[in-house]
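As structure tokens, the structure follows; a few thoughts come after it.
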Amino acid sequence: MGRLEAYLKPYFGYIALTVTIKFLSAVAELLIPYLMEIILDEKVPAGDLGQIYIAGGWMLLCAVICLVLNIVANRMSAISSGKITRAIRHDLFFKLETLSARQLDHLTVSSAVSRLTSDTYNINQFIARIQRLGIRAPILLIGGIAMMVSMDPVLSLVLIALLPIIALVVYYVTKTSVPLYTQQQGVLDNMVRTIQENITGIRVIKALSKTDYEKRRFQSVNQELTQVDEKAGFVTALTNPSSTLVLNLGLTLVVIVGAFRVNSGAILSGVIVAFLQYFIMILNAMLGITRIFVMYSKGQASANRVADVLALEEDLAVLPGQPPQKDAPHIEFRNVSFSYTGKGAVLHNLSFSLNHGQTLGIIGPTGCGKTTIVNLLLRLYDPDAGEIRIDGQDIRTIAPEVLRSKFGVVFQNDFVTEGTISDNLRFFRPLSDEAIAAGATFAQADFVREKGMDAPVQVRGNNLSGGQKQRLLIGRALAGSPEILILDDASSALDYRTDAQLRKALYQNFQNTTTVVVAQRVSSLRHADLILVLSDGALLGAGTHEDLMRSCEEYRLIAQTQMGDGKEGA
Amino acid sequence: MAQNPNVIGGGRYTRMEASGDRRSFRGKVSAGSVLRRLWQYLGRNRFLLVLAIVLSISSSLLGLYGPKLSGQAINAIDVPAGQVDFPTVFRCAGLMVVFYLASGVLTYGLNIVMIYLSRRVARQMRHDVFENLTALPVKFFDDYQTGDIISVITYDVDTVNQSLSTDLLQLLQSVVTVVVSFFMMLSIAPKLVSIFLFTIPLTILFTRWLTRRVRPLFRRRSTKLGLLNGFVEEMLSGQKTIRVYGQEEAVLEKFDEKNQEAVDAYTIAEANGTITGPSVNFINNVSLALVCIFGSMLFLRGQVRLGDLSSFVQYSRKFSGPINEMANIIAELQSAFAAMERVFSLIDAEPEPADLPQAEVLDHVQGDVRLENVSFSYNPGQPIITDLSFHAKPGSLTAIVGPTGAGKTTIINLLMRFYDVDSGAVLVDGKDIRTLTRDSLRRAYSMVLQDTWLFHGTIFDNLAYGKPGATLEQVVAAAKSAHIHGYISRLPQGYDTVLSDNGTSISKGQKQLLTIARAMLLDAQMLILDEATSNVDTRTEQRIQAAMRRLMEGKTCFVIAHRLSTIRSADHILVLNQGQVVEQGTHEELMAKQGFYWELYQSQFENQAG
């Protein structure tokens with residue numbers, strides 16, 4: 001839990017209070033058998049009924065105190081553990097939200113999800129339980145040992161000598177089980193991913209009749225989870241019987257050593273009897289303590305997984321820089337090179353610039369790096385070499401919230417949330433109803449008017465067609481009246497007529513918006529001020545439609561394919 | 001993808017309006033049936049269960065026998081100094097060692113058995129949930145959050161698992177101790193036992209009362225955690241978009257609401273659930289006090305002896321401990337119960353109706369597809385298709401055209417039998433598809449959808465997905481035809497490159513090419529292309545034309561497309577608008593009609609030219 005200590009800190013006082021209350025209730029509970037001994041050993045032989053009633057009354061009082069304190073302390077433990085968990089989750093979610101694309105790719109969404117829910121849940125349970133169970137056992141242990149030492153130090157030594165052995169067992173179990181629990185959570189990630197894939201791919205799986213295959217795939221991860229879970233279980237299950245065994249063997253030793261001491265007259269046999277009583281107490285306490293360690297192992301594994309994410313360094317740090325320049329181009333790429341893997345560059349030495357209100361078109365074969373330019377401009381990744389400037393400022397020097405407030409973006413296959421149409425248009429921003437309605441209108445999303453703003457959108461937008469989704473997403477981007485609009489193949493599912501109407505609307509209403517359009521169709525970007533023709537990350541041509549038609553073979557081929565008389569692509 | 005707004009489940013699963021805008025499912029499973037179902041799971045491992053019971057009884061009995069041995073040893077020691085009966089002491093000590101070793105082994109064995117048992121039950125439950133997930137209609141996944149479903153298989157099943165391995169074990173052990181102690185007490189002082197006649201029913205009543213109170217709270221805890229999971233899964237999938245819109249704070253605020261709800265549900269369940277322990281403990285303490293007081297009174301009246309009173313008290317302490325434990329465990333079990341309700345309701349969710357018992361396997365497919373007077377609606381009263389008939393001859397090409405959102409995908413849903421028609425029939429080779437096994441029907445099609453789906457695995461595995469046993473040569477050939485081989489071979493690991501779920505470095509167009517390559521490996525007689533190349537650039541598309549044509553050759557094809565040449569060369573064109581088939585026929589027929597298709601064609605052509 002150590003690495004998450006900061007989250008416990010604010011509640012130290014509260015937890016201390018909980019533990020103190022738990023301590024008092026343990027004292028009250030221990031008084032009950034003590035009072036009982038007094039009744040049986042002293043009051044009953046004395047035959048004084050009045051005294052018996054008084055002592056009995058005390059017992060009842062202790063029972064009541066114990067009840068009240070325990071309920072209060074349990075409640076407090078639930079509250080503090082809940083608050084701590086909430087804080088951890090809050091920070092973890094924020095961290096995950098702000099991870100760079102590279103970091104999240106590496107972590108994977110499924111692992112992020114299980115860390116955020118399953119692992120924090122384990123932590124929650126651990127913190128609650130340790131408070132409830134953590135105090136009683138040590139008190140009983142220490143109390144029991146103290147009583148024994150006061151009775152006969154020599155006999156006590158026998159038992160105390162055994163405690164290190166138990167400590168060793170617990171150490172071994174914890175050391176072995178923490179990695180096992182970590183592994184278990186890792187396998188759980190795989191299982192989550194398998195389920196996720198099966199849900200998102202349900203149509204394809206059914207279409208290809210791969211259900212049995214998927215079942216086998218699940219079965220193998222299920223089996224793996226079961227096995228590692230069993231393994232962790234077998235190890236932790238060792239604690240209880242082995243520490244009981246050690247203590248019991250110690251007890252046998254006590255009987256033997258005791259026999260010699262009684263024989264030599266060093267102690268009376270009654271001491272051994274009393275020893276046995278306390279021994280049971282110590283045994284129970286020991287069991288309680290080992291149980292805490294088992295909980296600890298699981299909690300620790302989860303805490304590590306959470307702490308690992310929280311400790312991830314800010315990938316895209318903001319560098320110090322100068323204020324924006326007035327006369328600089330709006331967007332400028334200077335000798336930018338980039339690759340996702342570090343090997344085989346996706347972009348080579350790319351330079352271009354774009355003024356305010358201009359439109360940039362990017363075209364080129366599938367996988368040539370079109371989306372990469374968008375990713376770099378949005379600073380989802382940093383270039384390996386060169387720099388990207390907006391208004392003359394290197395984007396690495398612009399605070400992310402400032403940088404991103406400039407953009408309205410539609411990605412390929414973009415994110416539609418479950419909710420309503422207006423939820424999706426507004427996308428959490430404090431936009432007015434008019435603004436989102438206008439966005440939808442510009443985006444040619446007439447279905448919005450037909451269905452209504454409050455019409456439900458299903459999980460992953462499953463009740464919308466591809467074209468409807470795209471228009472919804474474009475509407476989202478336009479609703480924010482962005483300074484820079486990015487449309488990454490955002491109209492591929494639109495029919496030509498709608499696409500043309502969209503372009504018209506953009507031309508008429510977003511004159512001052514700098515626009516970046518990635519498209520397959522020449523018609524989508526032929527009016528652009530600058531068109532980049534890419535192939536394998538290299539620039540084959542740059543210029544206006546007319547320039548390129550003259551100078552760029554590749555572009556001419558694309559255009560002819562699409563616009564040639566009657567020879568359009570299928 | 002399905003065009004079904006406002007669907008409310010008609011099946012056995014129910015939706016719960018949990019926090020306004022999001023749903024979670026929960027079971028309508030009664031307590032009795034939850035127990036019965038659990039029993040079925042335990043019953044599958046009858047041998048382990050019996051072994052667990054035997055082991056727990058024997059280890060508990062040993063536990064009660066142990067003190068007797070040490071008692072004997074002490075009797076041998078309880079003599080004046082110098083007269084200790086060492087042979088007896090050593091004999092007893094020796095027996096104690098043997099006995100404790102045996103008890104230790106037994107206890108560990110019992111633990112192992114319980115772990116086996118509970119993990120098997122958990123594995124079986126996960127298996128059953130998944131099994132049913134694969135059988136559920138497509139509609140189910142349009143309705144529920146992925147994360148919520150995941151939460152059932154992970155968190156809820158694990159709760160059951162934990163509960164079985166620890167709680168059930170303790171329950172077993174406690175029962176034995178309670179029964180034995182009870183008979184011991186009965187043999188010592190029957191009159192004092194009458195106190196327990198009062199306190200035990202009190203305990204039972206109290207536990208029952210609390211259980212009723214706590215169960216819904218635990219149910220809520222499970223549900224809220226599921227919702228949180230659903231939210232997180234959804235939002236993290238859209239993390240990139242959230243970031244570029246700079247809405248991290250706003251989403252975080254939403255998250256905080258869900259988080260708060262989940263934590264509150266946890267805290268309330270926990271705070272109430274943990275009342276049980278102290279309360280039952282209290283009842284026990286009170287009965288202990290009463291035993292002392294009444295026992296003393298009886299002693300003073302000469303009705304019991306002091307020694308008996310003392311051992312009665314010892315036993316009653318032994319007795320009350322496990323009862324206390326049991327009550328605690330029963331409270332703990334509530335969370336498992338709530339979890340099981342969710343698990344079982346997912347297992348029970350109505351699957352696709354089973355194939356008819358006499359369902360035929362569709363083989364030697366000709367590819368003759370006929371729709372006869374088909375009507376269909378996702379929601380009763382909102383017909384999507386009414387009285388549609390058409391015939392696609394073997395090897396013909398049917399194009400489905402219309403403005404976006406016209407319901408083109410619905411036809412695919414019906415052909416593949418993701419949904420059943422309301423009236424009329426879909427026939428393949430003259431057989432009503434409802435009389436065929438779904439598997440063989442779907443295998444008769446290959447399908448490339450606009451929404452590409454790739455899973456976490458190597459490129460090779462993804463391509464060979466529809467054709468187990470495909471060789472590398474076949475896969476490479478398909479990739480070459482789809483013009484994606486070049487990209488793949490430039491990757492450091494080539495065909496062994498693992499595609500991860502986010503796969504940022506692979507573009508959507510490339511994904512589409514991969515799915516086309518996947519379809520090329522199939523040898524189905526019928527082909528469905530749903531805007532299969534919408535994100536592929538035109539030049540590449542042109543380059544894969546030959547391969548596509550080869551892919552389509554001799555097959556009955558259904559194509560949703562917005563590119564004109566495909567549509568024009570189709571044998572049959574279905575024109576959809578606003579969920580209705582407004583026209584159908586060949587290109588020439590439709591053009592001659594000068595109707596909706598003509599208008600559509602004109603406007604598109606106009607724009608392309610301009």
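Each chain in the structure tokens gets a letter, A, B, ..., in the order shown, and its residues are numbered from 1; ligands are numbered from 1 in order too.
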Per-residue DSSP, segment 249-457 of chain B, filtered to strand (DSSP E or B), as a ChimeraX atom specification: /B:360,369-377,383-392,397-401,423-428,431-432,436,445-448,457
For the residues in the current selection, export N, CA and C atoms as a short mmCIF file (atom, residue, chain, number, x, y, z; two decimals), in the first residue's frame.
data_model
loop_
_atom_site.label_atom_id
_atom_site.label_comp_id
_atom_site.auth_asym_id
_atom_site.auth_seq_id
_atom_site.Cartn_x
_atom_site.Cartn_y
_atom_site.Cartn_z
N GLU B 360 -32.03 -28.04 -41.24
CA GLU B 360 -31.12 -28.64 -42.19
C GLU B 360 -29.80 -27.90 -42.19
N VAL B 369 -31.05 -16.63 -53.88
CA VAL B 369 -31.64 -15.97 -52.72
C VAL B 369 -32.94 -15.30 -53.12
N ARG B 370 -33.97 -15.53 -52.34
CA ARG B 370 -35.27 -14.99 -52.68
C ARG B 370 -35.91 -14.40 -51.42
N LEU B 371 -36.39 -13.18 -51.52
CA LEU B 371 -37.17 -12.62 -50.43
C LEU B 371 -38.63 -12.61 -50.87
N GLU B 372 -39.50 -13.18 -50.05
CA GLU B 372 -40.90 -13.26 -50.43
C GLU B 372 -41.77 -12.50 -49.43
N ASN B 373 -42.34 -11.43 -49.88
CA ASN B 373 -43.28 -10.64 -49.08
C ASN B 373 -42.77 -10.38 -47.66
N VAL B 374 -41.53 -9.96 -47.57
CA VAL B 374 -40.92 -9.78 -46.25
C VAL B 374 -41.35 -8.46 -45.62
N SER B 375 -41.80 -8.55 -44.38
CA SER B 375 -42.03 -7.34 -43.60
C SER B 375 -41.19 -7.44 -42.35
N PHE B 376 -40.71 -6.28 -41.93
CA PHE B 376 -39.85 -6.31 -40.74
C PHE B 376 -39.89 -4.97 -40.03
N SER B 377 -39.82 -5.03 -38.70
CA SER B 377 -39.67 -3.80 -37.92
C SER B 377 -38.83 -4.12 -36.69
N PRO B 383 -42.68 -0.01 -38.95
CA PRO B 383 -42.18 -0.93 -39.98
C PRO B 383 -40.99 -0.33 -40.71
N ILE B 384 -39.98 -1.18 -40.92
CA ILE B 384 -38.80 -0.75 -41.66
C ILE B 384 -38.93 -1.23 -43.09
N ILE B 385 -39.41 -2.45 -43.21
CA ILE B 385 -39.58 -3.03 -44.54
C ILE B 385 -40.98 -3.61 -44.61
N THR B 386 -41.71 -3.28 -45.65
CA THR B 386 -43.04 -3.88 -45.80
C THR B 386 -43.14 -4.56 -47.15
N ASP B 387 -43.53 -5.83 -47.08
CA ASP B 387 -43.89 -6.58 -48.26
C ASP B 387 -42.83 -6.50 -49.38
N LEU B 388 -41.61 -6.78 -49.02
CA LEU B 388 -40.53 -6.72 -49.99
C LEU B 388 -40.30 -8.08 -50.62
N SER B 389 -40.26 -8.12 -51.93
CA SER B 389 -39.94 -9.35 -52.63
C SER B 389 -38.85 -9.06 -53.65
N PHE B 390 -37.85 -9.91 -53.71
CA PHE B 390 -36.94 -9.86 -54.86
C PHE B 390 -36.21 -11.18 -54.97
N HIS B 391 -35.59 -11.36 -56.11
CA HIS B 391 -34.93 -12.62 -56.37
C HIS B 391 -33.52 -12.35 -56.84
N ALA B 392 -32.55 -12.92 -56.15
CA ALA B 392 -31.17 -12.81 -56.59
C ALA B 392 -30.73 -14.18 -57.09
N LEU B 397 -25.49 -9.94 -59.05
CA LEU B 397 -25.05 -8.85 -58.18
C LEU B 397 -26.24 -7.96 -57.85
N THR B 398 -26.56 -7.86 -56.58
CA THR B 398 -27.64 -7.00 -56.15
C THR B 398 -27.05 -5.79 -55.43
N ALA B 399 -27.37 -4.62 -55.90
CA ALA B 399 -26.87 -3.42 -55.23
C ALA B 399 -27.99 -2.83 -54.39
N ILE B 400 -27.63 -2.40 -53.20
CA ILE B 400 -28.62 -1.78 -52.34
C ILE B 400 -28.20 -0.32 -52.21
N VAL B 401 -29.02 0.58 -52.71
CA VAL B 401 -28.64 1.99 -52.70
C VAL B 401 -29.69 2.82 -51.99
N SER B 423 -42.94 -11.15 -41.08
CA SER B 423 -43.79 -12.00 -41.92
C SER B 423 -43.10 -12.16 -43.26
N GLY B 424 -43.58 -13.13 -44.06
CA GLY B 424 -42.89 -13.44 -45.30
C GLY B 424 -41.73 -14.39 -45.00
N ALA B 425 -40.84 -14.53 -45.97
CA ALA B 425 -39.74 -15.47 -45.77
C ALA B 425 -38.54 -15.09 -46.60
N VAL B 426 -37.36 -15.46 -46.08
CA VAL B 426 -36.14 -15.35 -46.84
C VAL B 426 -35.74 -16.77 -47.24
N LEU B 427 -35.52 -16.99 -48.52
CA LEU B 427 -35.19 -18.35 -48.96
C LEU B 427 -33.82 -18.38 -49.60
N VAL B 428 -33.05 -19.40 -49.25
CA VAL B 428 -31.79 -19.64 -49.93
C VAL B 428 -31.89 -21.00 -50.59
N LYS B 431 -34.96 -22.83 -49.80
CA LYS B 431 -35.29 -23.25 -48.43
C LYS B 431 -35.44 -22.03 -47.55
N ASP B 432 -36.51 -22.01 -46.77
CA ASP B 432 -36.71 -20.94 -45.80
C ASP B 432 -35.52 -20.96 -44.83
N LEU B 436 -33.03 -23.69 -41.61
CA LEU B 436 -31.63 -24.08 -41.76
C LEU B 436 -30.90 -23.79 -40.45
N TYR B 445 -22.10 -17.23 -46.41
CA TYR B 445 -21.78 -15.86 -46.80
C TYR B 445 -20.37 -15.50 -46.40
N SER B 446 -19.72 -14.67 -47.20
CA SER B 446 -18.61 -13.92 -46.61
C SER B 446 -19.05 -12.48 -46.57
N MET B 447 -18.48 -11.75 -45.64
CA MET B 447 -19.02 -10.43 -45.38
C MET B 447 -17.87 -9.47 -45.12
N VAL B 448 -17.91 -8.32 -45.72
CA VAL B 448 -16.96 -7.27 -45.38
C VAL B 448 -17.78 -6.04 -45.01
N GLY B 457 -4.26 -10.04 -31.83
CA GLY B 457 -3.62 -11.26 -32.30
C GLY B 457 -2.73 -10.88 -33.47
#
From the set B:Thr540, B:Pro351, B:Phe141, B:Lys508, which residue has the shortest atom-to-atom contact distance to Ala490 of chain A, counting only C-alpha atoms? B:Lys508
A:Ile145, A:Leu180, A:Ala161, A:Leu4: which is nearest Leu253 of chain A, counting only C-alpha atoms?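 Comparing A:Ile145, A:Leu180, A:Ala161, A:Leu4 against Leu253 of chain A, the winner is A:Ala161.
With only C-alpha atoms taken into account, the protein and nucleic acid residues at most 10 Å from segment 26-29 of chain A (excluding it and anything under 2 positions from it in its own chain) are A:Thr20, A:Ile21, A:Lys22, A:Phe23, A:Leu24, A:Leu31, A:Ile32, A:Pro33, A:Tyr34, A:Met59, A:Leu61, A:Cys62, A:Ala63, A:Val64, A:Ile65, A:Cys66, A:Leu67, A:Leu69, A:Asn70, A:Ile135, A:Arg136, A:Ala137, A:Ile139, A:Leu140, B:Asn281, B:Phe282, B:Asn285.
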Could those residues be written to a file, using C-alpha atoms, as a compact mmCIF listing (two decimals), in the first residue's frame?
# COMPACT_ATOMS: atom_id res chain seq x y z
CA THR A 20 -9.08 3.51 18.87
CA ILE A 21 -12.80 2.79 19.00
CA LYS A 22 -12.09 -0.72 17.77
CA PHE A 23 -9.49 -0.99 20.54
CA LEU A 24 -11.94 0.12 23.21
CA LEU A 31 -13.70 -7.78 30.04
CA ILE A 32 -16.68 -10.07 29.52
CA PRO A 33 -14.87 -13.40 30.06
CA TYR A 34 -12.85 -11.72 32.78
CA MET A 59 -21.21 -7.99 31.72
CA LEU A 61 -23.09 -3.22 30.01
CA CYS A 62 -19.84 -4.35 28.39
CA ALA A 63 -21.87 -6.24 25.79
CA VAL A 64 -23.82 -3.07 24.97
CA ILE A 65 -20.67 -0.94 24.78
CA CYS A 66 -19.04 -3.53 22.58
CA LEU A 67 -22.05 -3.57 20.26
CA LEU A 69 -18.55 0.77 19.45
CA ASN A 70 -18.22 -1.99 16.89
CA ILE A 135 -6.60 -4.11 15.70
CA ARG A 136 -8.19 -6.98 17.58
CA ALA A 137 -5.75 -9.67 16.60
CA ILE A 139 -4.12 -6.75 20.86
CA LEU A 140 -5.03 -10.32 21.68
CA ASN B 281 -21.87 -11.09 19.12
CA PHE B 282 -23.97 -8.95 21.39
CA ASN B 285 -22.54 -11.97 25.11
Restricting to only C-alpha atoms, whichever of A:Ala16, A:Ala493, A:Val294, A:Ala440 is closest to chain B is A:Ala493
With DSSP run on the backbone, what are the helix (DSSP H, G or I) residues within segment 214-424 of chain A? I'd like them as a VMD selection string. chain A and resid 214 to 263 269 to 310 370 to 377 395 to 397 400 to 405 421 to 424
Distance criterion (only C-alpha atoms): nearest to Glu249 of chain B out of A:Gly392, A:Pro482, A:Gly47, A:Pro430: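 Selected residue with least distance to Glu249 of chain B: A:Pro430.
Those residues that approach segment 106-122 of chain A to within 6 Å, counting only C-alpha atoms, are Asp189, Val192, Arg193, Gly299 and Ser302 of chain A; Glu233 of chain B; same-chain residues fewer than 4 positions away are not listed.
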Minimum-distance residue to chain A, chosen among B:Thr203, B:Thr211, B:Ser310, B:Ser316 (using only C-alpha atoms): B:Ser310
From A:Leu99, A:Val68, A:Val516, A:Leu310, residue lying nearest His330 of chain A [only C-alpha atoms]: A:Val516
I'd like the contact shell of Lys95 of chain A - 12 Å cut-off, only C-alpha atoms, skipping same-chain residues fewer than 3 positions apart - returned as a VMD selection string. (chain A and resid 88 to 92 98 to 100 103 to 104 112 115 to 116 306 to 315) or (chain B and resid 236 239 243 248 to 249 252)
Calculate how many Å separate atom CA of Lys231 of chain A from atom CA of Asn190 of chain A, rounding to one decimal. 17.9 Å
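Note that atom CA of Leu171 of chain B and atom CA of Phe319 of chain B are 13.5 Å apart.
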Identify, on the basis of only C-alpha atoms, every residue whose closest approach to Asp420 of chain B does not exceed 9 Å; exclude the query and any residue fewer than 5 positions from it along the same chain; express the result as a list in words.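 What passes the distance filter is Phe376, Asn413, Leu414 and Arg434 of chain B.
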Residue neighbourhood Asp537 of chain B, 12 Å, only C-alpha atoms, exclusion window fewer than 3 positions, as a PyMOL selection string: (chain A and resi 362-368+370+489+492+518-522+534-535+555+557-559+561-562+569-570) or (chain B and resi 483+507-510+512-513+532-534+540-544)
Could you tell me how far atom CA of Ser523 of chain A sits from atom CA of Ala592 of chain B, in Å to one decimal place?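 The value is 27.9 Å.
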